[in-house]
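To start, the structure itself, in structure tokens.
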Amino acid sequence: MVSASSVEIRKVNKHYGTFHALKDIDLVIPPGKVTCLIGPSGSGKSTLLRCVNFLEEYDSGEVLIDGTMIGYEAPGKKMPGRKLREMRRSIGMVFQQFNLWPHMTARENVAEGLIRVRGLSKSEAHRRAADALAKVGLADKMANHPSRLSGGQQQRVAIARAIAMEPRLMLFDEPTSALDPELVGEVLNVMKTLASEGMTMVVVTHEMGFAAHVADQVVFMEKGELVGVDSPDRILHHPEDARIQSFLRTYHERNSF
Amino acid sequence: MFSISVFLESFGPLFWAARYTLLISVLGIGLGLVIGTLICAARLSPYVWLRRFAMLWVSFLRGVPLLVQLLVFYYTLPVIGLDVPAMVAAVVTVGICASAYISEIWRGAIAALPKGQAEAAIAIGMTPQDVWIRVILPQAFNLSLPALINELILLVKASSLVSVVGILEITRASQAQAATTFRPLEVYIAAACIYLLINLCLAVLGRYLEHRTAI
Ligand SMILES: Nc1ncnc2c1ncn2[C@@H]1O[C@H](COP(=O)(O)OP(=O)(O)O)[C@@H](O)[C@H]1O
Ligand SMILES: [Mg+2]
């Protein structure tokens, strides 16, 4: 069992120029649970997710990881880089476009952070990288460069790269959206395993099946606002808000034939 | 009549002179890589005065012909009381000139990398130095290898200009040879063959390196 982080988002606002991308977001992400973020494209899901590891700077409000604010020491006062990096070490992130480093093999991709960030010896890092890759079912692909892997395999390497760092929180930004439909399942299965081990996970997704079956809570966003937070059943099957109903109607129309 | 024997005999002294051509080109590109990397870093830095300096550097060196730069540099040194061997002056000028082009090659390659490459490294807690050294620069180098080899080929040709400061490289040596043999055609064709040979070798090397780093 991994130790799992909690996240508390309080009154977070974010602007791009004059555009108000996140409006007074309040959200509690309990430890060891899976939270799925859904909503129309452009609603601010990625922006909110990226505020959690401070890849995106929020303008006001607080994002607390296990009670410690990330990015700022006090409102308006940036945290020193060293402190921020220390916090990021325990937050894994998986991107829609995988973002594997193409000049390194799968194994080197996973070992890199262990060597540079965790300070492990090369041999120890490579041993752990092999374990992490075995865990995502890629023991036989360790020596491949990313260009020699399918999309699903690349995304599993990216997950291995994150979990090898032994994070207490994992952020996923549409991890299956760039994949051919037949490759989606293998990535979702790895994510299900992680969830069952008690990792805190925040997942931006359009996979309603995954949200319905794996999530402990589902968050619906629209136009930079957090419209609803509830159990998957209440959001996906019995939504009260008209905006959620309309989003799901569009989703079902698009996915039925 | 074209004299085959003069043509063939020219190769001896010209090959000897080719050492200087190669030395100036290789040292020039080496210096250009070092300075060009610093200029590129300045250009991408968050400090506005560093960025301005880099922009000035690049536009000045790209806007003034290498020949003029060489003459200016060569005749400025004694004025400021520096007694520098012609060879050093040549390498420094060629290196500085190359730095402008190399910094632009770097900048293009770095801009071509997807933003997510650095983000993935930042997200696991890498320091900015490691992000550059481990993730950005190796990829930028692979991407710019063809352009860098091309730059080296241009330098080999441009190095003929350093003959004006009295270095006995291929072009200057062929001028001397032409004057003593009274056979300029044979000598200059021999010189052309040597330039061609050097640059064909570089092109093949470039092709090989590109192939090796392609993944
Ligand atoms: N770097 C940026 N600069 C300007 N606008 C941005 C930037 N990133 C995102 N936005 C805008 O913010 C809004 C929310 O974007 P995003 O969080 O990516 O939405 P989602 O992930 O829900 O599709 C969008 O309207 C988008 O155009
Ligand atoms: Mg998004």
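FYI, nothing fancy with the structure tokens labels: chains A, B, ... in order, residues from 1 per chain, ligands from 1 as they appear.
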Exercise: range 135-148 of chain A partners within 8 Å, only C-alpha atoms, chain neighbours under 3 positions left out, as a PyMOL selection string: (chain A and resi 100-107+130-132+153-154+156-157+159-160+190) or (chain B and resi 215)
Let me see the file: selected residues, C-alpha atoms, as a PDB file, in the first residue's frame.
ATOM      1  CA  LEU A 100       8.425  10.472 -23.495  1.00  0.00           C
ATOM      2  CA  TRP A 101      11.970  11.579 -24.267  1.00  0.00           C
ATOM      3  CA  PRO A 102      12.664  10.219 -27.763  1.00  0.00           C
ATOM      4  CA  HIS A 103      16.464  10.078 -27.394  1.00  0.00           C
ATOM      5  CA  MET A 104      16.240   7.591 -24.515  1.00  0.00           C
ATOM      6  CA  THR A 105      15.083   3.972 -24.377  1.00  0.00           C
ATOM      7  CA  ALA A 106      11.987   3.046 -22.375  1.00  0.00           C
ATOM      8  CA  ARG A 107      14.194   1.989 -19.504  1.00  0.00           C
ATOM      9  CA  ALA A 130      12.860  -2.618 -14.952  1.00  0.00           C
ATOM     10  CA  ASP A 131      10.461  -3.326 -12.068  1.00  0.00           C
ATOM     11  CA  ALA A 132       8.236  -0.383 -12.981  1.00  0.00           C
ATOM     12  CA  GLN A 153       2.887   1.089 -24.930  1.00  0.00           C
ATOM     13  CA  GLN A 154       4.302   4.617 -24.887  1.00  0.00           C
ATOM     14  CA  ARG A 156       2.351   2.756 -20.226  1.00  0.00           C
ATOM     15  CA  VAL A 157       6.052   3.707 -20.228  1.00  0.00           C
ATOM     16  CA  ILE A 159       2.975   5.772 -16.360  1.00  0.00           C
ATOM     17  CA  ALA A 160       5.966   3.635 -15.338  1.00  0.00           C
ATOM     18  CA  VAL A 190      -2.919  -0.177 -15.708  1.00  0.00           C
TER      19      VAL A 190
ATOM     20  CA  ILE B 215      15.644   7.062 -33.623  1.00  0.00           C
TER      21      ILE B 215
END
Provide as a ChimeraX atom specification the residues of chain A at most 10 Å from chain B, counting only C-alpha atoms. /A:50,53-55,81-105,112-114,116-118,144-148,158,161-162,165,167
Please extract the residues at most 12 Å from ligand 1, counting only C-alpha atoms and all ligand atoms, and provide them as a ChimeraX atom specification, using the chain letters and residue numbers of this document. /A:13-23,37-51,55-57,95-96,172-175,177,203-206,219-226 /B:115
Near Ala17 in chain B, counting only C-alpha atoms, which residues have an atom at most 7 Å away, once you skip same-chain residues fewer than 5 positions from it, shown as an MDAnalysis selection string? chainID B and resid 168:170 173
Can you spit out the residues from that selection as a PDB file, in the first residue's frame, using C-alpha atoms?
ATOM      1  CA  LEU B 168      48.987  29.885 -46.198  1.00  0.00           C
ATOM      2  CA  GLU B 169      45.768  27.886 -46.497  1.00  0.00           C
ATOM      3  CA  ILE B 170      44.593  26.266 -49.724  1.00  0.00           C
ATOM      4  CA  ALA B 173      48.958  28.447 -51.358  1.00  0.00           C
TER       5      ALA B 173
END
Go through A:Thr176, A:Pro31, A:Glu8, A:Gly76 and flag the residue nearest ligand 2, using only C-alpha atoms and all ligand atoms for the distances.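 Closest candidate: A:Thr176.
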Contact residues around Gly95 in chain B with only C-alpha atoms at 8 Å, ignoring same-chain residues under 2 positions, as a compact mmCIF listing (two decimals) with C-alpha atoms, in the first residue's frame:
# COMPACT_ATOMS: atom_id res chain seq x y z
CA LEU B 27 38.66 25.30 -34.44
CA GLY B 28 36.35 27.97 -35.83
CA ILE B 29 33.27 25.77 -35.54
CA GLY B 30 34.38 24.62 -32.08
CA LEU B 31 34.67 28.19 -30.88
CA GLY B 32 31.46 29.02 -32.73
CA ILE B 35 30.01 31.17 -28.17
CA VAL B 91 40.29 31.36 -35.82
CA VAL B 92 38.73 33.87 -33.43
CA THR B 93 37.11 35.85 -36.24
CA CYS B 97 31.20 34.83 -37.14
CA ALA B 98 30.02 31.20 -36.94
CA SER B 99 28.59 31.80 -33.46
Quick one: DSSP strand (DSSP E or B) residues in range 5-163 of chain A, as a VMD selection string? chain A and resid 7 to 16 19 to 29 34 to 38 60 to 65 68 to 69 72 to 74 77 to 78 91 to 94
When DSSP works through the backbone of this structure, what residues of range 107-152 of chain A end up as helix (DSSP H, G or I), shown as JSON, numbers by chain? {"A": [107, 108, 109, 110, 111, 112, 113, 114, 115, 116, 122, 123, 124, 125, 126, 127, 128, 129, 130, 131, 132, 133, 134, 135, 139, 140, 141, 146, 147, 148, 151, 152]}
As a check of understanding: the span from CA of Phe60 in chain B to CA of Ala100 in chain B is 8.7 Å
So that I can check the surroundings of Pro13 in chain B, please list as an MDAnalysis selection string every protein, DNA and RNA residue that reaches within 12 Å of it, counting only C-alpha atoms and ignoring chain neighbours fewer than 3 positions away. chainID B and resid 6:10 16:20 168:178 187 190:191 194
Just give me the gap between CA of Gly151 in chain A and CA of Thr200 in chain A in Å, one decimal is fine.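 Straight-line distance from CA of Gly151 in chain A to CA of Thr200 in chain A works out to 24.6 Å.
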